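One structure is given here, and the rest of the page talks about it.
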Amino acid sequence: MPRGGHFAAGLGTVELTVALHYVYETPHDRLVWDVGHQAYPHKVLTGRRERLHTIKQFEGLAPFPSRAESEYDTFGVGHSSTSISAALGMAVAAQQRGDERKVVAVIGDGAMTAGMAFEALNHAGALTADLLVILNDNDMSISENVGAMSNYFAKVLSGRTYSSLREGGKKILKQMPTAWELARRSEEHMKGMVLPGTLFEELGFNYIGPMDGHDIKALVTTLRNVRKLKGPQFLHVVTRKGKGYAPAEADPIKWHGPGPFDPASGTIFKESASGPSYSQVFGTWLCDMAERNPAIIGITPAMREGSGLVEYSKRFPDRYFDVAIAEQHAVTFAAGLACEGLQPVVAIYSTFLQRAYDQLIHDVALQNLPVVFALDRAGLVGGDGVTHQGSYDYSFLRCIPNMVVMAPADENECRQMLYTATTLKCPSAVRYPRGVGPGVAIAAEMTALPVGKAAIVREGRSGLLLLSFGTMLATAKLVAAKLDATLVNMRFVKPLDQALLLQLTARHRAVATLEENVVSGGAGSAVSELLALAGVSVSLLNIGIPDRFIEHGSRDDCLRSAKLDLSSVSSTIERWWAVQSNPGARAAAAS
């Protein structure tokens, strides 16, 4: 039974992938895939067919191209819109060294919506390096202008005869400015009528296409022609997501990244869940808020389904904005809305907010604008691996002035914290994990939490104090019961509950912090800084994600790898606490 993974996009690039590897001398010629959703056929053709069933599994194939996995994966990817920049760097390197090597970047139409892609195009068009950019335009269906006529255009425009005439004509006409300008405008107008490539021509590329990305013979002919051309080339191919598998063709969004499914019936097996996912909790909350507050605006950078915004987009279309894969724009757009008194809520994965860090600081926090960031997929996310682990947000958010950072331990806290965020006059973030919570009942009413106030979950008598941030509370409860420790649900990473922390540390011998974030600069570091500033001397242990990238696997696999599973956390704290409880052992350890 197929395990699932990125599916529909890969089916759409089968013919293109075959043609590319047939025409180009890979891996000597560099082939750079954008994101990697479309690169499964590439993995099949480059020696990994027998291991494809392990993709996204622990110690299996990586979910995206990875330089550590294969020499054919020339650039590691995960976040979109990087392919043209990376490929341009490779093309310039080849030019500098005098290498006769070709470089190809394959980018999807979704990734082309990001500013970084156009920055790279703008730069590449001004250089002479040999670079081919292939736009894989995989809309729901193949456009009407793709077929025999447009394939003919692609062959002609990629041919040496046309190229020679075009370049020769330029040289002659540039000596006659008036004629040159007339010819240039005439060419633009002609192409504008039959071809959508005027923009790319203006950026300095020789545009070829559009052509049918499933016509392998036409692809091979065109790629052979293009491989001989010098300078920046742009080939526009139109494909169909899910090509060859009817269910995926009919609903490419549903089949973008399905779980395990039965290929015969097209049935996708749903994972058993004990309750709503955190994404669903967010989506329900946003709909409830929008009903009561007309100033609420929902924003997402192309993650409507993943962030739980489908229902909201249907019910409040005028207050829903999918800005495409443009995280930087999403954040500054939200800042502009906030300037005019609206209440923007940016639904964004933790790993994707990293791409808009400057905008977060400069455009939101510096102006102290009340933008709410709903950080989905925080902590370890599992199968999507190192590029998508939300390991750093505590660290990169808590150092920003004016920010309030909240970490719910369960579904109801998530709802109440999201509401709390809308009551603040400053920027705030609520970070929650992928998947379902511990199963806590969600209150229909919404109550603002006191900012910076923690909650004592358990009073212990052993002298050990456990401080849990967000998702670690369920694990911390079991450890606290075993060691008779005091347990606090910290709730806020910034600001910390300073009064409670100083009060509790005064009557406990040792403190351990638990978080699903990197230890460096994280919530535990914030506690360490507070205690040091207050002059409090207490044994302190910070538990979190170690200083290394956590690879792909199930979420449980990732937690075990980071030693954040119950068994690892319990054993780490027990060993450490045994030393702290024994003055002699502690002195020996210190020496």
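By convention in this document, the chains of the structure tokens carry letters A, B, ... by their order, each chain's residues are numbered from 1, and ligands are numbered from 1 in the order they are shown.
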Spatial neighbours of range 233-239 of chain A, 6 Å, only C-alpha atoms, chain gap at least 3 places, as an NGL selection string: :A and (12 or 132-138 or 205-213)
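Contact shell of Ala124 in chain A at 10 Å (only C-alpha atoms; same-chain neighbours under 4 positions omitted): Ile84, Ser85, Ala87, Leu88, Gly89, Ala91, Val92, Phe118, Glu119, Ala120, Thr128, Ala129, Asp130, Leu131, Val133, Leu203, Gly204, Phe205, Gly231, Pro232 and Gln233 of chain A.
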Got time to write the residues from that selection, C-alpha atoms, as a compact mmCIF listing (two decimals), in the first residue's frame?
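The resulting file, again35.txt, is reproduced below:
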```txt
# COMPACT_ATOMS: atom_id res chain seq x y z
CA ILE A 84 16.71 30.11 -9.87
CA SER A 85 19.08 31.80 -7.42
CA ALA A 87 21.08 27.56 -10.38
CA LEU A 88 22.36 31.01 -11.35
CA GLY A 89 25.14 30.64 -8.79
CA ALA A 91 25.95 28.73 -13.87
CA VAL A 92 28.21 31.65 -12.92
CA PHE A 118 11.88 37.48 -9.61
CA GLU A 119 14.95 38.87 -7.87
CA ALA A 120 16.90 35.96 -9.34
CA THR A 128 25.69 36.08 -19.83
CA ALA A 129 25.89 32.79 -17.93
CA ASP A 130 24.22 29.81 -19.62
CA LEU A 131 21.09 29.15 -17.59
CA VAL A 133 14.80 28.27 -16.29
CA LEU A 203 13.98 40.64 -17.83
CA GLY A 204 16.62 39.58 -20.35
CA PHE A 205 15.61 36.00 -21.10
CA GLY A 231 22.86 32.98 -22.20
CA PRO A 232 19.69 32.98 -20.11
CA GLN A 233 16.82 30.93 -21.57
```
Non-local contacts of range 521-532 of chain A (9 Å; only C-alpha atoms; under 2 positions in same chain excluded) as a VMD selection string: chain A and resid 392 to 396 398 to 399 467 469 493 to 494 496 498 501 to 502 505 512 to 515 517 to 519 534 to 538 540 to 544
Could you take the residues named above and write them with C-alpha atoms, as an mmCIF file, in the first residue's frame?
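Okay, part-v8.cif is ready:
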```cif
data_model
loop_
_atom_site.group_PDB
_atom_site.id
_atom_site.type_symbol
_atom_site.label_atom_id
_atom_site.label_comp_id
_atom_site.auth_asym_id
_atom_site.auth_seq_id
_atom_site.Cartn_x
_atom_site.Cartn_y
_atom_site.Cartn_z
ATOM 1 C CA TYR A 392 13.538 27.996 16.391
ATOM 2 C CA ASP A 393 10.566 30.294 16.959
ATOM 3 C CA TYR A 394 10.898 30.682 20.742
ATOM 4 C CA SER A 395 14.478 31.787 20.136
ATOM 5 C CA PHE A 396 13.911 34.183 17.269
ATOM 6 C CA ARG A 398 11.499 36.297 22.272
ATOM 7 C CA CYS A 399 14.481 38.534 21.424
ATOM 8 C CA LEU A 467 8.839 24.467 34.172
ATOM 9 C CA PHE A 469 6.493 25.360 27.944
ATOM 10 C CA VAL A 493 7.579 32.511 26.763
ATOM 11 C CA LYS A 494 7.572 36.310 26.719
ATOM 12 C CA LEU A 496 7.833 35.307 31.741
ATOM 13 C CA GLN A 498 8.894 36.682 36.923
ATOM 14 C CA LEU A 501 9.492 32.124 39.172
ATOM 15 C CA LEU A 502 11.374 34.021 41.870
ATOM 16 C CA THR A 505 12.949 29.086 42.996
ATOM 17 C CA ALA A 512 14.429 21.908 35.027
ATOM 18 C CA THR A 513 12.850 23.559 31.967
ATOM 19 C CA LEU A 514 11.204 21.604 29.147
ATOM 20 C CA GLU A 515 10.463 22.936 25.657
ATOM 21 C CA ASN A 517 12.418 24.350 20.734
ATOM 22 C CA VAL A 518 16.183 24.515 20.439
ATOM 23 C CA VAL A 519 17.861 24.967 23.805
ATOM 24 C CA ALA A 534 18.022 38.416 39.948
ATOM 25 C CA GLY A 535 21.140 36.891 41.501
ATOM 26 C CA VAL A 536 19.420 33.575 42.188
ATOM 27 C CA SER A 537 21.797 30.632 42.491
ATOM 28 C CA VAL A 538 20.011 27.364 41.778
ATOM 29 C CA LEU A 540 19.295 24.511 36.453
ATOM 30 C CA LEU A 541 18.755 22.034 33.614
ATOM 31 C CA ASN A 542 17.441 23.119 30.205
ATOM 32 C CA ILE A 543 15.848 20.352 28.112
ATOM 33 C CA GLY A 544 14.935 20.996 24.488
#
```
At a cut-off of 10 Å, can you tabulate as CSV every residue of range 276-383 of chain A near range 417-440 of chain A together with its closest atom pair and the distance in Å to one decimal, using only C-alpha atoms and ordering rows by chain then number?
```
residue,atom,partner,partner_atom,distance
A:Pro276,CA,A:Val436,CA,6.0
A:Ser277,CA,A:Val436,CA,4.0
A:Tyr278,CA,A:Val436,CA,5.8
A:Ser279,CA,A:Arg434,CA,7.4
A:Gln280,CA,A:Val436,CA,9.1
A:Val281,CA,A:Val436,CA,9.3
A:Phe282,CA,A:Leu418,CA,7.9
A:Trp285,CA,A:Leu418,CA,7.8
A:Leu286,CA,A:Leu418,CA,8.7
A:Met289,CA,A:Tyr419,CA,8.0
A:Ile296,CA,A:Thr422,CA,9.0
A:Gly306,CA,A:Arg434,CA,9.7
A:Ser307,CA,A:Arg434,CA,9.8
A:Ala335,CA,A:Pro427,CA,9.7
A:Ala338,CA,A:Pro427,CA,10.0
A:Gln343,CA,A:Thr422,CA,7.3
A:Pro344,CA,A:Thr422,CA,9.0
A:Val345,CA,A:Thr422,CA,8.6
A:Val346,CA,A:Ala429,CA,9.4
A:Ile348,CA,A:Arg431,CA,9.9
A:Tyr349,CA,A:Arg431,CA,9.0
A:Ser350,CA,A:Arg431,CA,7.6
A:Leu360,CA,A:Pro427,CA,9.1
A:Val364,CA,A:Pro427,CA,6.9
A:Ala365,CA,A:Pro427,CA,6.2
A:Leu366,CA,A:Pro427,CA,9.7
A:Gln367,CA,A:Cys426,CA,8.9
A:Asn368,CA,A:Cys426,CA,5.2
A:Leu369,CA,A:Cys426,CA,5.3
A:Pro370,CA,A:Cys426,CA,4.2
A:Val371,CA,A:Pro427,CA,4.8
A:Val372,CA,A:Ser428,CA,5.2
A:Phe373,CA,A:Ala429,CA,4.5
A:Ala374,CA,A:Val430,CA,5.3
A:Leu375,CA,A:Arg431,CA,4.4
A:Asp376,CA,A:Tyr432,CA,5.4
A:Arg377,CA,A:Arg434,CA,4.5
A:Ala378,CA,A:Pro433,CA,4.6
A:Gly379,CA,A:Pro433,CA,6.0
A:Leu380,CA,A:Pro433,CA,7.7
A:Val381,CA,A:Arg434,CA,6.0
A:Gly382,CA,A:Arg434,CA,8.9
```
Store the residues of this selection in a file with C-alpha atoms, as a PDB file, in the first residue's frame.
```pdb
ATOM      1  CA  PRO A 276      -9.606  18.207  16.325  1.00  0.00           C
ATOM      2  CA  SER A 277      -6.126  19.154  15.206  1.00  0.00           C
ATOM      3  CA  TYR A 278      -4.615  22.408  16.386  1.00  0.00           C
ATOM      4  CA  SER A 279      -5.067  23.725  12.833  1.00  0.00           C
ATOM      5  CA  GLN A 280      -8.783  22.968  13.100  1.00  0.00           C
ATOM      6  CA  VAL A 281      -8.932  24.642  16.511  1.00  0.00           C
ATOM      7  CA  PHE A 282      -7.424  27.728  14.930  1.00  0.00           C
ATOM      8  CA  TRP A 285     -11.611  30.154  16.404  1.00  0.00           C
ATOM      9  CA  LEU A 286     -10.991  32.467  13.443  1.00  0.00           C
ATOM     10  CA  MET A 289     -13.903  35.764  15.900  1.00  0.00           C
ATOM     11  CA  ILE A 296     -10.696  40.492  11.669  1.00  0.00           C
ATOM     12  CA  GLY A 306      -2.673  23.235   5.922  1.00  0.00           C
ATOM     13  CA  SER A 307      -3.490  26.143   8.225  1.00  0.00           C
ATOM     14  CA  ALA A 335       1.301  45.633   9.095  1.00  0.00           C
ATOM     15  CA  ALA A 338      -3.010  47.102  11.318  1.00  0.00           C
ATOM     16  CA  GLN A 343      -7.102  43.182  13.079  1.00  0.00           C
ATOM     17  CA  PRO A 344      -4.896  41.020  10.853  1.00  0.00           C
ATOM     18  CA  VAL A 345      -4.268  37.393  11.773  1.00  0.00           C
ATOM     19  CA  VAL A 346      -1.385  35.821   9.856  1.00  0.00           C
ATOM     20  CA  ILE A 348       1.783  30.774   8.941  1.00  0.00           C
ATOM     21  CA  TYR A 349       3.946  27.751   9.652  1.00  0.00           C
ATOM     22  CA  SER A 350       6.766  28.356  12.105  1.00  0.00           C
ATOM     23  CA  LEU A 360       8.518  40.912  11.490  1.00  0.00           C
ATOM     24  CA  VAL A 364       5.576  45.040  12.689  1.00  0.00           C
ATOM     25  CA  ALA A 365       7.467  45.040  15.984  1.00  0.00           C
ATOM     26  CA  LEU A 366       9.371  48.306  15.489  1.00  0.00           C
ATOM     27  CA  GLN A 367       6.042  50.064  14.944  1.00  0.00           C
ATOM     28  CA  ASN A 368       4.379  48.043  17.717  1.00  0.00           C
ATOM     29  CA  LEU A 369       1.491  47.023  15.490  1.00  0.00           C
ATOM     30  CA  PRO A 370      -1.110  44.575  16.836  1.00  0.00           C
ATOM     31  CA  VAL A 371      -0.610  41.797  14.285  1.00  0.00           C
ATOM     32  CA  VAL A 372      -1.491  38.283  15.469  1.00  0.00           C
ATOM     33  CA  PHE A 373       0.745  35.448  14.261  1.00  0.00           C
ATOM     34  CA  ALA A 374      -0.844  32.002  14.444  1.00  0.00           C
ATOM     35  CA  LEU A 375       2.243  29.783  14.243  1.00  0.00           C
ATOM     36  CA  ASP A 376       1.252  26.345  13.029  1.00  0.00           C
ATOM     37  CA  ARG A 377       3.631  23.336  12.804  1.00  0.00           C
ATOM     38  CA  ALA A 378       5.740  24.610  15.712  1.00  0.00           C
ATOM     39  CA  GLY A 379       8.190  22.124  17.174  1.00  0.00           C
ATOM     40  CA  LEU A 380       8.994  18.824  15.478  1.00  0.00           C
ATOM     41  CA  VAL A 381       6.689  18.121  12.547  1.00  0.00           C
ATOM     42  CA  GLY A 382       7.787  14.664  11.390  1.00  0.00           C
TER      43      GLY A 382
END
```
Long-range neighbours of Val77 in chain A as a PyMOL selection string, 9 Å cut-off, only C-alpha atoms, 5 positions minimum in chain: chain A and resi 32-36+64-66+82-83+387
Any chance you can output those residues with all heavy atoms as a PDB file, in the first residue's frame?
```pdb
ATOM      1  N   VAL A  32      18.384  21.615 -10.943  1.00  0.00           N
ATOM      2  CA  VAL A  32      17.953  22.133  -9.640  1.00  0.00           C
ATOM      3  C   VAL A  32      16.429  22.187  -9.600  1.00  0.00           C
ATOM      4  O   VAL A  32      15.798  22.888 -10.393  1.00  0.00           O
ATOM      5  CB  VAL A  32      18.529  23.548  -9.379  1.00  0.00           C
ATOM      6  CG1 VAL A  32      18.099  24.047  -8.000  1.00  0.00           C
ATOM      7  CG2 VAL A  32      20.052  23.540  -9.500  1.00  0.00           C
ATOM      8  N   TRP A  33      15.866  21.437  -8.664  1.00  0.00           N
ATOM      9  CA  TRP A  33      14.412  21.421  -8.484  1.00  0.00           C
ATOM     10  C   TRP A  33      14.011  22.443  -7.436  1.00  0.00           C
ATOM     11  O   TRP A  33      14.694  22.626  -6.429  1.00  0.00           O
ATOM     12  CB  TRP A  33      13.930  20.043  -8.048  1.00  0.00           C
ATOM     13  CG  TRP A  33      14.170  18.985  -9.065  1.00  0.00           C
ATOM     14  CD1 TRP A  33      15.250  18.161  -9.159  1.00  0.00           C
ATOM     15  CD2 TRP A  33      13.322  18.654 -10.170  1.00  0.00           C
ATOM     16  NE1 TRP A  33      15.136  17.330 -10.246  1.00  0.00           N
ATOM     17  CE2 TRP A  33      13.943  17.610 -10.887  1.00  0.00           C
ATOM     18  CE3 TRP A  33      12.093  19.126 -10.618  1.00  0.00           C
ATOM     19  CZ2 TRP A  33      13.384  17.034 -12.018  1.00  0.00           C
ATOM     20  CZ3 TRP A  33      11.528  18.564 -11.746  1.00  0.00           C
ATOM     21  CH2 TRP A  33      12.165  17.537 -12.429  1.00  0.00           C
ATOM     22  N   ASP A  34      12.871  23.088  -7.652  1.00  0.00           N
ATOM     23  CA  ASP A  34      12.368  24.030  -6.667  1.00  0.00           C
ATOM     24  C   ASP A  34      11.437  23.296  -5.695  1.00  0.00           C
ATOM     25  O   ASP A  34      10.542  22.570  -6.116  1.00  0.00           O
ATOM     26  CB  ASP A  34      11.601  25.168  -7.351  1.00  0.00           C
ATOM     27  CG  ASP A  34      11.590  26.416  -6.495  1.00  0.00           C
ATOM     28  OD1 ASP A  34      10.821  26.471  -5.521  1.00  0.00           O
ATOM     29  OD2 ASP A  34      12.382  27.330  -6.783  1.00  0.00           O
ATOM     30  N   VAL A  35      11.625  23.478  -4.418  1.00  0.00           N
ATOM     31  CA  VAL A  35      10.879  22.830  -3.334  1.00  0.00           C
ATOM     32  C   VAL A  35      11.113  21.321  -3.333  1.00  0.00           C
ATOM     33  O   VAL A  35      11.676  20.775  -2.411  1.00  0.00           O
ATOM     34  CB  VAL A  35       9.358  23.133  -3.382  1.00  0.00           C
ATOM     35  CG1 VAL A  35       8.681  22.538  -2.148  1.00  0.00           C
ATOM     36  CG2 VAL A  35       9.103  24.619  -3.435  1.00  0.00           C
ATOM     37  N   GLY A  36      10.692  20.631  -4.364  1.00  0.00           N
ATOM     38  CA  GLY A  36      10.875  19.191  -4.409  1.00  0.00           C
ATOM     39  C   GLY A  36       9.598  18.396  -4.469  1.00  0.00           C
ATOM     40  O   GLY A  36       9.620  17.175  -4.595  1.00  0.00           O
ATOM     41  N   PHE A  64      12.504  15.756   0.189  1.00  0.00           N
ATOM     42  CA  PHE A  64      12.881  16.713  -0.842  1.00  0.00           C
ATOM     43  C   PHE A  64      14.295  16.366  -1.333  1.00  0.00           C
ATOM     44  O   PHE A  64      14.983  15.565  -0.712  1.00  0.00           O
ATOM     45  CB  PHE A  64      12.856  18.138  -0.281  1.00  0.00           C
ATOM     46  CG  PHE A  64      11.552  18.527   0.346  1.00  0.00           C
ATOM     47  CD1 PHE A  64      11.437  18.670   1.719  1.00  0.00           C
ATOM     48  CD2 PHE A  64      10.426  18.733  -0.434  1.00  0.00           C
ATOM     49  CE1 PHE A  64      10.227  19.008   2.301  1.00  0.00           C
ATOM     50  CE2 PHE A  64       9.212  19.071   0.134  1.00  0.00           C
ATOM     51  CZ  PHE A  64       9.110  19.217   1.507  1.00  0.00           C
ATOM     52  N   PRO A  65      14.736  16.956  -2.442  1.00  0.00           N
ATOM     53  CA  PRO A  65      16.116  16.730  -2.876  1.00  0.00           C
ATOM     54  C   PRO A  65      17.119  17.071  -1.773  1.00  0.00           C
ATOM     55  O   PRO A  65      16.966  18.073  -1.074  1.00  0.00           O
ATOM     56  CB  PRO A  65      16.263  17.676  -4.072  1.00  0.00           C
ATOM     57  CG  PRO A  65      14.880  17.776  -4.630  1.00  0.00           C
ATOM     58  CD  PRO A  65      13.981  17.768  -3.432  1.00  0.00           C
ATOM     59  N   SER A  66      18.125  16.227  -1.625  1.00  0.00           N
ATOM     60  CA  SER A  66      19.105  16.402  -0.554  1.00  0.00           C
ATOM     61  C   SER A  66      20.488  16.066  -1.084  1.00  0.00           C
ATOM     62  O   SER A  66      20.722  14.969  -1.601  1.00  0.00           O
ATOM     63  CB  SER A  66      18.760  15.495   0.631  1.00  0.00           C
ATOM     64  OG  SER A  66      19.824  15.426   1.550  1.00  0.00           O
ATOM     65  N   THR A  82      13.746  29.003  -4.426  1.00  0.00           N
ATOM     66  CA  THR A  82      15.196  29.154  -4.314  1.00  0.00           C
ATOM     67  C   THR A  82      15.942  28.658  -5.553  1.00  0.00           C
ATOM     68  O   THR A  82      17.142  28.905  -5.699  1.00  0.00           O
ATOM     69  CB  THR A  82      15.725  28.379  -3.098  1.00  0.00           C
ATOM     70  OG1 THR A  82      15.449  26.976  -3.267  1.00  0.00           O
ATOM     71  CG2 THR A  82      15.060  28.858  -1.808  1.00  0.00           C
ATOM     72  N   SER A  83      15.262  27.949  -6.438  1.00  0.00           N
ATOM     73  CA  SER A  83      15.952  27.222  -7.509  1.00  0.00           C
ATOM     74  C   SER A  83      16.692  28.133  -8.486  1.00  0.00           C
ATOM     75  O   SER A  83      17.809  27.827  -8.908  1.00  0.00           O
ATOM     76  CB  SER A  83      14.957  26.352  -8.284  1.00  0.00           C
ATOM     77  OG  SER A  83      13.938  27.148  -8.858  1.00  0.00           O
ATOM     78  N   THR A 387      13.816  20.736   6.846  1.00  0.00           N
ATOM     79  CA  THR A 387      13.448  22.041   6.294  1.00  0.00           C
ATOM     80  C   THR A 387      12.154  22.581   6.895  1.00  0.00           C
ATOM     81  O   THR A 387      11.869  23.772   6.775  1.00  0.00           O
ATOM     82  CB  THR A 387      13.277  21.956   4.768  1.00  0.00           C
ATOM     83  OG1 THR A 387      12.275  20.983   4.456  1.00  0.00           O
ATOM     84  CG2 THR A 387      14.588  21.564   4.106  1.00  0.00           C
TER      85      THR A 387
END
```
Distance query Val220 in chain A at most 12 Å, only C-alpha atoms, self and fewer than 4 positions along chain excluded, as number ranges by chain: A: 15-24, 151, 154-155, 158, 211-216, 224-227
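Distances to Ser570 in chain A were evaluated for A:Ala295, A:Thr74, A:Thr475, A:Asp322 using only C-alpha atoms, and the minimum falls at A:Thr475.
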Which of A:Val404, A:Leu45, A:Ala8, A:Ala347 sits closest to Glu327 in chain A [using only C-alpha atoms]: A:Ala347
Expected answer as an MDAnalysis selection string: helix (DSSP H, G or I) residues in range 224-310 of chain A: chainID A and resid 224:227 246:250 278:292 310
Limited to C-alpha atoms, could you put the picked residues into a file as a PDB file, in the first residue's frame?
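Here's the written file again.pdb:
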```pdb
ATOM      1  CA  ARG A 224      18.062  19.691 -27.423  1.00  0.00           C
ATOM      2  CA  ASN A 225      17.710  23.026 -29.198  1.00  0.00           C
ATOM      3  CA  VAL A 226      17.813  25.020 -25.969  1.00  0.00           C
ATOM      4  CA  ARG A 227      20.894  23.162 -24.710  1.00  0.00           C
ATOM      5  CA  ALA A 246      -7.854  10.205 -12.468  1.00  0.00           C
ATOM      6  CA  PRO A 247      -8.564  10.980  -8.777  1.00  0.00           C
ATOM      7  CA  ALA A 248      -5.491  13.227  -8.584  1.00  0.00           C
ATOM      8  CA  GLU A 249      -6.343  14.950 -11.870  1.00  0.00           C
ATOM      9  CA  ALA A 250      -9.849  15.658 -10.578  1.00  0.00           C
ATOM     10  CA  TYR A 278      -4.615  22.408  16.386  1.00  0.00           C
ATOM     11  CA  SER A 279      -5.067  23.725  12.833  1.00  0.00           C
ATOM     12  CA  GLN A 280      -8.783  22.968  13.100  1.00  0.00           C
ATOM     13  CA  VAL A 281      -8.932  24.642  16.511  1.00  0.00           C
ATOM     14  CA  PHE A 282      -7.424  27.728  14.930  1.00  0.00           C
ATOM     15  CA  GLY A 283      -9.785  27.642  11.937  1.00  0.00           C
ATOM     16  CA  THR A 284     -12.867  27.367  14.159  1.00  0.00           C
ATOM     17  CA  TRP A 285     -11.611  30.154  16.404  1.00  0.00           C
ATOM     18  CA  LEU A 286     -10.991  32.467  13.443  1.00  0.00           C
ATOM     19  CA  CYS A 287     -14.522  31.908  12.111  1.00  0.00           C
ATOM     20  CA  ASP A 288     -15.964  32.596  15.573  1.00  0.00           C
ATOM     21  CA  MET A 289     -13.903  35.764  15.900  1.00  0.00           C
ATOM     22  CA  ALA A 290     -14.832  36.985  12.424  1.00  0.00           C
ATOM     23  CA  GLU A 291     -18.529  36.657  13.282  1.00  0.00           C
ATOM     24  CA  ARG A 292     -18.184  38.910  16.295  1.00  0.00           C
ATOM     25  CA  VAL A 310     -10.845  26.449   4.191  1.00  0.00           C
TER      26      VAL A 310
END
```
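Atom pair CA of Leu337 in chain A / CA of Glu311 in chain A: separated by 22.1 Å.
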Sel. of strand (DSSP E or B) residues, range 384-563 of chain A, as a PyMOL selection string: chain A and resi 390+404-406+428-431+436+455-458+464-468+486-489+492-494+510-518+539-545
Spatial neighbours of Ala474 in chain A, max dist 10 Å, only C-alpha atoms, sep filter under 5 positions, as JSON, numbers by chain: {"A": [409, 410, 437, 438, 468, 479, 566]}
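Pairwise distance (CA of His388 in chain A, CA of Pro41 in chain A) equals 21.7 Å.
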